[in-house]
Structures are given as C-alpha cells and as structure tokens.
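Undergrad: Have a look at the structure that comes next, please.
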Amino acid sequence: MKNNVIGLKLGLVISGLFLVVLLFLGVAVDRMFTSFYLANMKTETEELASHFTVMAESSEGGTSEMIGTFAEFSAVSIYNVRQDGSVIMHSGVQDPAYQSFIRVSDVSRIFSGKKVNFLYADPAGGRYFVSGQPIVKEGKVGSALYLMASTERMDRSLAGVRNLLILSGIGAFLLALGSTWIIAQLLSRPLLQMQKATRKIAAGELETRVDIGSRDEIGALAGAINDLAVDLQRYRDTRQEFFANISHELRTPITYLEGYANVVKERLYATEEEKDRYLDIIYMEARRIQHLVDDLFELAKMEEGKITLSPEWINLAELVEQAVEKVRLKAEDKNLELYCTVEGTPHRMYTDGARMEQIVLNLLENAIRYTERGTVGVLLSFQSASVKLAVQDTGIGIPEAELPFIFERFYRVEKSRSRMHGGTGLGLSIVHKLAGLLGGKITVASRPGEGTCFELYFDLRRKPGEDRV
C-alpha cells in the first residue's frame, strides 16, 4: 500500500474523539466560570444594594448626597423609584434616560417586600446586573431602590478566560494530533505487515510468517495468521502427497486391468483355469478402485454436510460382535488373534447402525492392516449413561509427532510403510467425521512398536443430530 489508510482512519477517529472531548470540556469550563462570575457579581450587587438601602432608610440629612457620592465612587447607578414607576432620585454613571429596566411587575414585587435581581442590556449594548430592594420607613415600603452595576469588568475577565481556553485547546489539539499520528502509525504498522503477509500467503508463498512479538490482540492475530499459513502449507503438502498416493494406488490396478484384460482379449492363456484366475484379478482390482472412489465420495458428502443419518434403536454389543466376525478371515490370514470383550450391562443405543458399523469396521481393518503379529481386539464398556468403544492392536504404532494429524484428510503415517500396507489416508478421517455426526468423541493413544488404541465415547442420553451443550 502506498498510503497508510488504516493509520489515517485511526488518526481521524482518535483526533475526532479528542476534539469532541476538548469541545465539551471547553464548554463545561466556560459555563463553570460564567456561573462563578455571575454568582459572585450577584452577591456583590445585592450586598452593595443592601448597604445603599440601609443608607436610604436613614433619616439623617445629606443622605442623598452621600448615596450619590458612594454610587459614583463604586461606579454604579442608583435609582429611587416610586410605586408608580417614576424616578425620585438618580445617582451614578448611567444615563438617567435609560429607565426601560424599571418594569411594573418588578416594582410591584419590591413594594410587596421582595427583592429582584436580573441582567439588563441597555439600548447602547451595555450589560448590567440590576438589584432592586424595598426602602422601608416606619414599617412601610416607601419606595424602591434599584442598583445597576456594569458587567463590563466581568465580561473582560470571561473573555480572557475564553481566550485562554481557546489557546490551550488549540495547543492541546495540536499536541494530541501529533501524538495520535505517531500512535496510529505504531498501531497500524503490524496490520500492514500482516496484510503483506496474507497477500503473499494468498499468492502461494506459504512459508511466509508474521514476526510480531506483542502479546496483545494484534499478536494473537499474527499468531493466527502464522497458524493458518502452517495449516495451509501442511494441507498443500498432504494434498500433493495424496494425489501422488492416489496416482500410485490407481496406477497399479489400472496396469493390472489393462494387462490382464489384454491377455484375455488376445487369448494368451493356456487353460480356462488360467483365464478365470486372470478374470478374478481383474475383478479384485476393479473392486479396489471402486472402494477408493467410494471413500472419496463418502468423505466429500460428509464435508459438504449432505450425508443423511437413519437413527434407530440398536444393540451396540451385537453390532460390534458382527463387525468382528466380518473381519475375522482377514485377521486369520495374518495369524492374528481377534477378540471382543463387553463390560457392564449392555444398553440399547439410538443411532445410525450402518454408520456405527462403518466406524467399527474401518478401525478394525486399519488395525489389522498395520499389525503383523499379536492381537487386535474390541473392548465395549457400558456405564449408566455412556459407552466406551476401544479398538486396540499390537501393531507398528504411530509416532507421537504424527498423532495430532492422523484424522486429517489425505494424511498418512510413515508414508513408505503406509503405501506398502495399502490405504489412502481417508479411513480415519471418515471415522472422525462419522463419530462427530453420531455425537461421539474419538481419541487415540499409541507408541511405535507397541501398538495403537482408538477410543470412542458416546452419550447414551443424546440422539444423533442434537447439539452439544
């Protein structure tokens, strides 16, 4: 990628969030200072108005002149108002012609003994805080005193605070913008590395690995990509090997079919017995190809989820014993001891009998194929709600490093020896998928030279197709 788009997006998102936070914070601080200054000015104005009210309530001579002097000194304006709203006396800096702040409703409240406080803007655009209080003489409200204090000083202070907030916000945003760009680059760099790696993997360079040492989610994603590359590489290798095995497995019977069919066609046999022997070989090799094709189609149907089950109540002990009898001739041909043991009280099981028999037969045939001497046996152990089916042998065994992969399709253990013993690497994969479809779990334990044991576990309370909890 020429442009770091994800870094740009991360930067824009983080910067946008930071800008929103700064705006909300700036507005909140501005509201806080504004409220503080207004409350402070209200208190000062009320206190000053109270002082002037006390002075006005005094009957001493010269009070009006004193109020006027103090009003000019305090830079405020004083209005003494009658109940009808007319002005008795005015002192201070405010033009006495501006009397629009004197409202009938406020005058009525003051003459009822209450105070009023409000902000006022005169026609020239000046803003004032107004406090109105009653002047009581001889227990009766004689007039109202209005005190007007300009908010100019407060407005200048608030303007200074706002300018400081704006400059601080701009500085913080620029600092955050630089930090965000650096963070976005650092966060997006591993993602860009993983993108390049996945493109290489998609192009077939399966040896590509992502080198990211962090232990966070990015590191976990890198590890998953590496695991995927390993799996794809192994899949590619096993697939190539599978095709080589299939070619080998098909080449031999096809050669036999072609050769012996030509012998029969050209009548190159001496007796009818020899002809029948050649035809038997042709038949057996055709069956071998058919078996291989059936396994491939069976596996393909299971992987596509198109296989259907026909569950029924079966006697599992009987089914296993019948499967053992079906392979007994193969075992006897190799002089192997074949046995079947049932432990516990047999229970009927609701499952697909044909698929269960296919599992047992595949495991038994696999055990016989890789056992040259000794025993091959089936152990069936019933519990109250479960059953364990174990197929064990004394064959060549499986190396520990190979055990995690033996249920993978196309996988074959000890390739040269596997080819010598036959098989296509599909049998155990079919067993594993069928066991899962029937609600079971399969495990394997093995040691080279000592034998192998496959164990299947089924819950007798479950039915095929039910989801596990």
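Residue numbering restarts at 1 for every chain of the structure tokens, chains are lettered A, B, ... in their displayed order, and ligands are numbered from 1 as they appear.
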Which polymer residues have any atom within 7 Å of an atom of segment 343-356 of chain A, counting only C-alpha atoms, with same-chain residues fewer than 2 positions away left out, as a ChimeraX atom specification?

TA: /A:309-317,341,358-360,380-383,434,438,460,463-464

Undergrad: Could you write those residues out with C-alpha atoms, as a PDB file, in the first residue's frame?

TA:
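Printed below is result_25.pdb as written:
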```pdb
ATOM      1  CA  LEU A 309     -28.494 -40.360   9.083  1.00  0.00           C
ATOM      2  CA  SER A 310     -31.090 -43.054   9.723  1.00  0.00           C
ATOM      3  CA  PRO A 311     -31.153 -43.407  13.513  1.00  0.00           C
ATOM      4  CA  GLU A 312     -32.778 -46.377  15.182  1.00  0.00           C
ATOM      5  CA  TRP A 313     -32.550 -48.313  18.433  1.00  0.00           C
ATOM      6  CA  ILE A 314     -29.698 -50.806  18.087  1.00  0.00           C
ATOM      7  CA  ASN A 315     -27.942 -53.364  20.245  1.00  0.00           C
ATOM      8  CA  LEU A 316     -24.393 -51.996  20.133  1.00  0.00           C
ATOM      9  CA  ALA A 317     -22.838 -55.141  21.600  1.00  0.00           C
ATOM     10  CA  THR A 341     -14.914 -58.018  25.182  1.00  0.00           C
ATOM     11  CA  GLN A 358     -18.733 -48.473   9.326  1.00  0.00           C
ATOM     12  CA  ILE A 359     -16.764 -46.847  12.151  1.00  0.00           C
ATOM     13  CA  VAL A 360     -16.011 -50.171  13.820  1.00  0.00           C
ATOM     14  CA  LEU A 380     -17.009 -52.298  24.806  1.00  0.00           C
ATOM     15  CA  SER A 381     -17.584 -50.751  28.241  1.00  0.00           C
ATOM     16  CA  PHE A 382     -21.105 -49.691  29.277  1.00  0.00           C
ATOM     17  CA  GLN A 383     -21.812 -47.171  32.029  1.00  0.00           C
ATOM     18  CA  LEU A 434     -18.799 -40.041  11.428  1.00  0.00           C
ATOM     19  CA  LEU A 438     -23.213 -39.534  15.711  1.00  0.00           C
ATOM     20  CA  LEU A 460     -26.450 -42.788  25.566  1.00  0.00           C
ATOM     21  CA  LYS A 463     -29.552 -38.617  19.935  1.00  0.00           C
ATOM     22  CA  PRO A 464     -27.697 -38.099  16.638  1.00  0.00           C
TER      23      PRO A 464
END
```

Undergrad: Just list as a PyMOL selection string whatever in segment 12-193 of chain A DSSP marks as strand (DSSP E or B).

TA: chain A and resi 76-81+87-92+116-121+127-137+140-150

Undergrad: Please identify all polymer residues within 12 Å of Val263 of chain A, counting only C-alpha atoms, omitting same-chain residues fewer than 3 positions from it, and present them as number ranges by chain.

TA: A: 256-260, 266-270, 274-279, 281-282

Undergrad: When DSSP is applied to the backbone of this structure, which of segment 173-290 of chain A are assigned alpha helix (DSSP H)? Write them out as JSON, numbers by chain.

TA: {"A": [173, 174, 175, 176, 177, 178, 179, 180, 181, 182, 183, 184, 185, 186, 187, 188, 189, 190, 191, 192, 193, 194, 195, 196, 197, 198, 199, 200, 201, 202, 217, 218, 219, 220, 221, 222, 223, 224, 225, 226, 227, 228, 229, 230, 231, 232, 233, 234, 235, 236, 237, 238, 239, 240, 241, 242, 243, 244, 245, 246, 247, 248, 249, 250, 251, 252, 253, 254, 255, 256, 257, 258, 259, 260, 261, 262, 263, 264, 265, 272, 273, 274, 275, 276, 277, 278, 279, 280, 281, 282, 283, 284, 285, 286, 287, 288, 289, 290]}

Undergrad: Quick one: of A:Gln322, A:Ile430, A:Ser86, A:Gly449, who's nearest to Asp294 of chain A, counting only C-alpha atoms?

TA: A:Ile430

Undergrad: Mind checking which residues fall within 7 Å of segment 34-48 of chain A, counting only C-alpha atoms, ignoring those fewer than 3 positions away in the same chain, and posting them as a PyMOL selection string?

TA: chain A and resi 30-31+51-52+131+149+154+158

Undergrad: Closest to His291 of chain A among A:Leu426, A:Leu364, A:Ile67, A:Ile110, using only C-alpha atoms?

TA: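 Ranking A:Leu426, A:Leu364, A:Ile67, A:Ile110 by distance to His291 of chain A, first place goes to A:Leu426.
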